[in-house]
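Q: Sharing input_31.csv here; it has CSV, C-alpha atoms.
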```
chain,number,residue,atom,x,y,z
A,1,MET,CA,16.1,17.9,-30.5
A,2,GLY,CA,15.7,16.3,-27.0
A,3,VAL,CA,13.6,13.4,-26.0
A,4,GLU,CA,10.7,14.0,-23.6
A,5,ILE,CA,10.1,11.3,-21.0
A,6,VAL,CA,6.6,11.3,-19.6
A,7,PHE,CA,6.0,9.5,-16.3
A,8,GLN,CA,3.0,7.2,-16.5
A,9,PRO,CA,1.9,6.0,-13.0
A,10,ASP,CA,1.0,2.4,-12.7
A,11,PRO,CA,-2.6,2.2,-11.4
A,12,ARG,CA,-2.2,-1.4,-10.0
A,13,VAL,CA,-1.9,-2.2,-6.4
A,14,ARG,CA,1.1,-4.6,-6.2
A,15,PHE,CA,0.9,-5.6,-2.5
A,16,ASN,CA,-1.8,-6.2,0.1
A,17,ILE,CA,-4.3,-3.5,0.8
A,18,TRP,CA,-7.3,-3.6,3.1
A,19,PHE,CA,-10.4,-1.3,3.0
A,20,TYR,CA,-12.1,-1.2,6.3
A,21,PRO,CA,-15.9,-0.4,6.8
A,22,PHE,CA,-17.0,3.2,7.1
A,23,ASN,CA,-17.4,4.7,10.6
A,24,SER,CA,-20.3,6.8,11.8
A,25,ASP,CA,-18.2,9.9,10.9
A,26,GLY,CA,-18.2,8.8,7.2
A,27,ARG,CA,-14.6,7.8,7.1
A,28,ALA,CA,-13.0,4.5,6.3
A,29,SER,CA,-9.4,3.3,6.9
A,30,ILE,CA,-7.1,1.9,4.3
A,31,GLU,CA,-4.2,-0.2,5.3
A,32,TRP,CA,-1.5,-0.8,2.7
A,33,VAL,CA,1.5,-3.0,2.9
A,34,ALA,CA,3.9,-0.9,0.9
A,35,GLN,CA,6.9,-3.3,1.4
A,36,PRO,CA,6.0,-6.9,2.3
A,37,ASP,CA,8.2,-9.0,4.5
A,38,GLY,CA,10.8,-11.2,2.7
A,39,ARG,CA,8.5,-14.3,2.8
A,40,TYR,CA,6.3,-12.6,0.1
A,41,TRP,CA,9.0,-13.2,-2.5
A,42,GLU,CA,9.7,-16.9,-1.7
A,43,ASP,CA,8.4,-19.9,-3.6
A,44,ASP,CA,7.2,-23.2,-2.2
A,45,THR,CA,10.8,-24.3,-1.5
A,46,GLY,CA,11.8,-21.0,0.2
A,47,PHE,CA,13.9,-19.9,-2.8
A,48,GLY,CA,13.8,-16.1,-3.3
A,49,ARG,CA,13.2,-15.1,0.3
A,50,THR,CA,14.7,-11.8,1.3
A,51,TYR,CA,15.1,-10.3,4.8
A,52,ASP,CA,13.0,-7.2,4.2
A,53,ASP,CA,11.1,-5.6,7.1
A,54,GLU,CA,7.4,-5.2,6.3
A,55,VAL,CA,6.2,-1.6,6.0
A,56,SER,CA,2.5,-1.0,6.6
A,57,LEU,CA,0.8,2.4,6.1
A,58,ILE,CA,-2.7,3.6,7.1
A,59,ALA,CA,-4.8,6.5,5.9
A,60,GLU,CA,-8.5,7.5,5.9
A,61,ILE,CA,-10.9,8.3,3.0
A,62,ASP,CA,-14.3,9.8,2.9
A,63,LYS,CA,-17.4,8.4,1.2
A,64,GLU,CA,-16.4,10.1,-2.1
A,65,GLY,CA,-13.0,8.3,-2.0
A,66,LYS,CA,-11.0,11.4,-1.2
A,67,PHE,CA,-8.2,11.1,1.2
A,68,VAL,CA,-8.8,13.0,4.5
A,69,THR,CA,-5.5,12.0,6.1
A,70,LYS,CA,-2.1,11.2,4.8
A,71,PHE,CA,-0.6,7.7,4.9
A,72,THR,CA,1.2,7.2,8.2
A,73,TYR,CA,3.5,4.4,9.2
A,74,ILE,CA,2.1,1.7,11.4
A,75,ASP,CA,4.7,0.5,13.9
A,76,ASN,CA,4.0,-3.3,14.4
```
Can you dump the structure from the file as structure tokens?
A:
Amino acid sequence: MGVEIVFQPDPRVRFNIWFYPFNSDGRASIEWVAQPDGRYWEDDTGFGRTYDDEVSLIAEIDKEGKFVTKFTYIDN
């Protein structure tokens, strides 16, 4: 008898996310930092810093909260 592993998605947002106001076309942008820069991990003394590049993604939703675009990479 095998063991079934069921994936349970984590509904928490772990990094920064911004919801922008709705435009006249009924869409709002969402910007999500999917991978923060290395300073995110450091404490007050600088311990824990990594040299990660920050990865920001942007998408649009409608007034019902449904995605109308896919997340795309923002080249900063």
Q: At a cut-off of 10 Å, using all atoms listed in the file, what residues contact A:Gly26? Leave out same-chain residues fewer than 6 positions from it and give the result as a ChimeraX atom specification.
A: /A:60-64
Q: Do you have the atom CA of A:Asp44-atom CA of A:Glu31 distance handy?
A: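 Atom-to-atom, atom CA of A:Asp44 and atom CA of A:Glu31 are spaced 26.7 Å apart.
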Q: Of the candidates A:Ile58, A:Phe47, A:Glu42, A:Gly65, which shows the shortest atom-to-atom distance to A:Ser29, using only C-alpha atoms?
A: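 That would be A:Ile58, the residue with the smallest distance to A:Ser29.
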Q: Rounded to one decimal place, report the atom CA of A:Thr45-atom CA of A:Asn16 distance in Å.
A: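 Straight-line distance from atom CA of A:Thr45 to atom CA of A:Asn16 works out to 22.1 Å.
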Q: Find the distance between atom CA of A:Pro36 and atom CA of A:Phe22 and write it in Å to one decimal.
A: 25.6 Å
Q: Nearest to A:Phe19 among A:Thr72, A:Ala59, A:Glu4, A:Arg49, with distances taken over all atoms listed in the file: which residue is it?
A: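 Residue with the minimum atom-to-atom distance to A:Phe19: A:Ala59.
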